[in-house]
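Student: I'd like to ask you about the structure that follows.
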Amino acid sequence: GVNEGLPHSSVYSILQDKKGFMWFGTADGLCRYDGSELKTFQYTPVNNEEEASNFVRGKMLEDVSGNIWYCNQTGIYKWDNIKEVVSRAKTFDKSEFANGAFQSVYLENGSLWIYNVSLGIFEYNILTGKMLRYPLPYNPDFSTSIANYDKVDPFGNIWLRLGLTSNPFIVFNYR
């Protein structure tokens with residue numbers, strides 16, 4: 001918890017990296033645990049007009065270089081393994097995405113796959129910075145309970161269930 005060094009009492013994502021460090025995604029930053037202490041990493045906006053959030057949404061994903069990727073409603077973020085700082089790789093334009101919460105799903109071959117419950121699945125190319133959108137085949141029903149589920153199977157399918165547990169699964173093959 002906060003008394004032990006976390007910047008926020010809620011942890012939304014956990015990852016163990018290739019070096020064995022434990023990473024915790026919180027509502028107020030990314031934390032690394034080395035076995036004895038927690039260290040918090042947060043994105044610092046470039047200027048006062050820049051909207052930014054340190055809320056770690058969805059999965060944190062590690063690339064082949066040891067960088068940690070995650071996203072939220074303001075953009076896609078990368079913790080740089082060499083510099084040990086968080087930078088924003090992609091800013092989400094509020095007029096285009098209406099501050100929708102994005103969640104990371106999968107990282108492979110230079111593409112970060114993310115989704116938004118109303119906007120669909122997106123492929124973010126890490127090298128080019130381009131993002132492709134794949135709309136959902138139906139509008140999920142969020143009228144009563146919300147049950148979001150995401151998983152990637154060994155065959156390259158992203159499985160999503162959004163909204164009610166009675167909603168069908170969306171199966172998307174990213175390959």
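Scheme for the structure tokens: letters A, B, ... for chains in order shown; per-chain residue numbers from 1; ligand numbers from 1 in order shown.
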Would you kindly return, as a PDB file with N, CA and C atoms, in the first residue's frame, each protein, DNA or RNA residue with an atom no farther than 6 Å from any atom of A:Tyr115, considering only C-alpha atoms and excluding same-chain residues fewer than 5 positions away?
Tutor:
ATOM      1  N   PHE A 102      -8.395   3.676 -22.638  1.00  0.00           N
ATOM      2  CA  PHE A 102      -7.797   2.640 -23.464  1.00  0.00           C
ATOM      3  C   PHE A 102      -7.079   1.648 -22.567  1.00  0.00           C
ATOM      4  N   GLN A 103      -7.036   0.398 -23.010  1.00  0.00           N
ATOM      5  CA  GLN A 103      -6.325  -0.627 -22.270  1.00  0.00           C
ATOM      6  C   GLN A 103      -5.437  -1.414 -23.213  1.00  0.00           C
ATOM      7  N   GLY A 120     -13.265   0.498 -30.238  1.00  0.00           N
ATOM      8  CA  GLY A 120     -12.736  -0.659 -30.934  1.00  0.00           C
ATOM      9  C   GLY A 120     -11.320  -1.033 -30.551  1.00  0.00           C
ATOM     10  N   ILE A 121     -10.702  -1.813 -31.431  1.00  0.00           N
ATOM     11  CA  ILE A 121      -9.343  -2.310 -31.250  1.00  0.00           C
ATOM     12  C   ILE A 121      -8.422  -1.452 -32.119  1.00  0.00           C
ATOM     13  N   PHE A 122      -7.248  -1.121 -31.571  1.00  0.00           N
ATOM     14  CA  PHE A 122      -6.292  -0.280 -32.284  1.00  0.00           C
ATOM     15  C   PHE A 122      -4.932  -0.962 -32.308  1.00  0.00           C
TER      16      PHE A 122
END
Student: Can you list every residue of stretch 30-107 of chain A that has an atom at most 12 Å from stretch 168-174 of chain A, with its nearest atom pair and the distance in Å to one decimal, using only C-alpha atoms, ordered by chain then number, as CSV?
Tutor:
residue,atom,partner,partner_atom,distance
A:Val105,CA,A:Tyr174,CA,11.2
A:Tyr106,CA,A:Tyr174,CA,9.7
A:Leu107,CA,A:Tyr174,CA,10.7
Student: Just want the 7 Å neighbourhood of stretch 74-90 of chain A, counted on only C-alpha atoms, with same-chain residues fewer than 2 positions away dropped. Output as a ChimeraX atom specification.
Tutor: /A:41-43,51-53,66-72,92,99
Student: Output C-alpha atoms of each residue in that selection to a file, as a PDB file, in the first residue's frame.
Tutor:
ATOM      1  CA  PHE A  41       7.951   6.495 -12.229  1.00  0.00           C
ATOM      2  CA  GLN A  42       5.542   9.140 -13.514  1.00  0.00           C
ATOM      3  CA  TYR A  43       5.159  11.039 -16.742  1.00  0.00           C
ATOM      4  CA  GLU A  51      -3.104  17.047 -20.499  1.00  0.00           C
ATOM      5  CA  ALA A  52      -1.543  13.956 -18.998  1.00  0.00           C
ATOM      6  CA  SER A  53      -2.453  11.186 -16.600  1.00  0.00           C
ATOM      7  CA  GLY A  66      13.009  -4.243 -21.764  1.00  0.00           C
ATOM      8  CA  ASN A  67      10.835  -1.122 -22.149  1.00  0.00           C
ATOM      9  CA  ILE A  68       7.453  -1.168 -20.396  1.00  0.00           C
ATOM     10  CA  TRP A  69       4.376   0.010 -22.355  1.00  0.00           C
ATOM     11  CA  TYR A  70       0.918   0.986 -21.083  1.00  0.00           C
ATOM     12  CA  CYS A  71      -1.891   3.366 -21.954  1.00  0.00           C
ATOM     13  CA  ASN A  72      -4.766   5.365 -20.499  1.00  0.00           C
ATOM     14  CA  PHE A  92      -4.813  10.842 -27.667  1.00  0.00           C
ATOM     15  CA  ASN A  99     -11.104  10.923 -23.164  1.00  0.00           C
TER      16      ASN A  99
END
Student: Can you pull out the residues contacting A:Met22? Cut-off 10 Å, using only C-alpha atoms, and skip same-chain residues under 6 positions away; I want them as number ranges by chain.
Tutor: A: 14-16, 31-35, 38
Student: Select, from A:Lys59, A:Lys130, A:Lys151, A:Arg161, the residue with the minimum atom-to-atom distance to A:Ser118, counting only C-alpha atoms.
Tutor: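 The closest residue to A:Ser118 is A:Arg161.
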Student: Out of A:Thr165, A:Phe97, A:Thr44, A:Gly110, which residue has the shortest atom-to-atom distance to A:Arg133 when counting only C-alpha atoms?
Tutor: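 Among the listed residues, the smallest separation from A:Arg133 belongs to A:Phe97.
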Student: Can you pull out every residue from chain A that DSSP, working from the backbone, puts in alpha helix (DSSP H), and format the result as a PDB file with N, CA, C and O atoms, in the first residue's frame?
Tutor:
ATOM      1  N   LYS A  94      -8.316  14.641 -27.490  1.00  0.00           N
ATOM      2  CA  LYS A  94      -9.597  14.614 -26.796  1.00  0.00           C
ATOM      3  C   LYS A  94     -10.779  14.736 -27.767  1.00  0.00           C
ATOM      4  O   LYS A  94     -11.802  14.090 -27.593  1.00  0.00           O
ATOM      5  N   SER A  95     -10.628  15.535 -28.822  1.00  0.00           N
ATOM      6  CA  SER A  95     -11.720  15.705 -29.776  1.00  0.00           C
ATOM      7  C   SER A  95     -11.978  14.431 -30.580  1.00  0.00           C
ATOM      8  O   SER A  95     -13.093  14.171 -31.014  1.00  0.00           O
ATOM      9  N   GLU A  96     -10.944  13.618 -30.771  1.00  0.00           N
ATOM     10  CA  GLU A  96     -11.103  12.377 -31.533  1.00  0.00           C
ATOM     11  C   GLU A  96     -11.550  11.210 -30.656  1.00  0.00           C
ATOM     12  O   GLU A  96     -12.379  10.399 -31.043  1.00  0.00           O
ATOM     13  N   PHE A  97     -10.998  11.133 -29.441  1.00  0.00           N
ATOM     14  CA  PHE A  97     -11.234   9.975 -28.590  1.00  0.00           C
ATOM     15  C   PHE A  97     -12.094  10.270 -27.363  1.00  0.00           C
ATOM     16  O   PHE A  97     -12.385   9.376 -26.585  1.00  0.00           O
TER      17      PHE A  97
END
Student: Write out as a ChimeraX atom specification all residues of stretch 2-115 of chain A that backbone DSSP assigns to strand (DSSP E).
Tutor: /A:11-16,22-26,29-33,38-41,57-62,68-71,75-79,86-91,102-108,111-115
Student: Do you know which residues are at most 8 Å from A:Tyr124 counting only C-alpha atoms, after dropping those on the same chain fewer than 3 positions away, and could you put them as a list in words?
Tutor: Ser111, Leu112, Trp113, Ile114, Gly129, Lys130, Met131 and Leu132 of chain A
Student: If you measure from atom CA of A:Met60 to atom CA of A:Pro45, what distance in Å do you get, rounded to one decimal?
Tutor: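 According to the coordinates, atom CA of A:Met60 and atom CA of A:Pro45 are separated by 20.5 Å.
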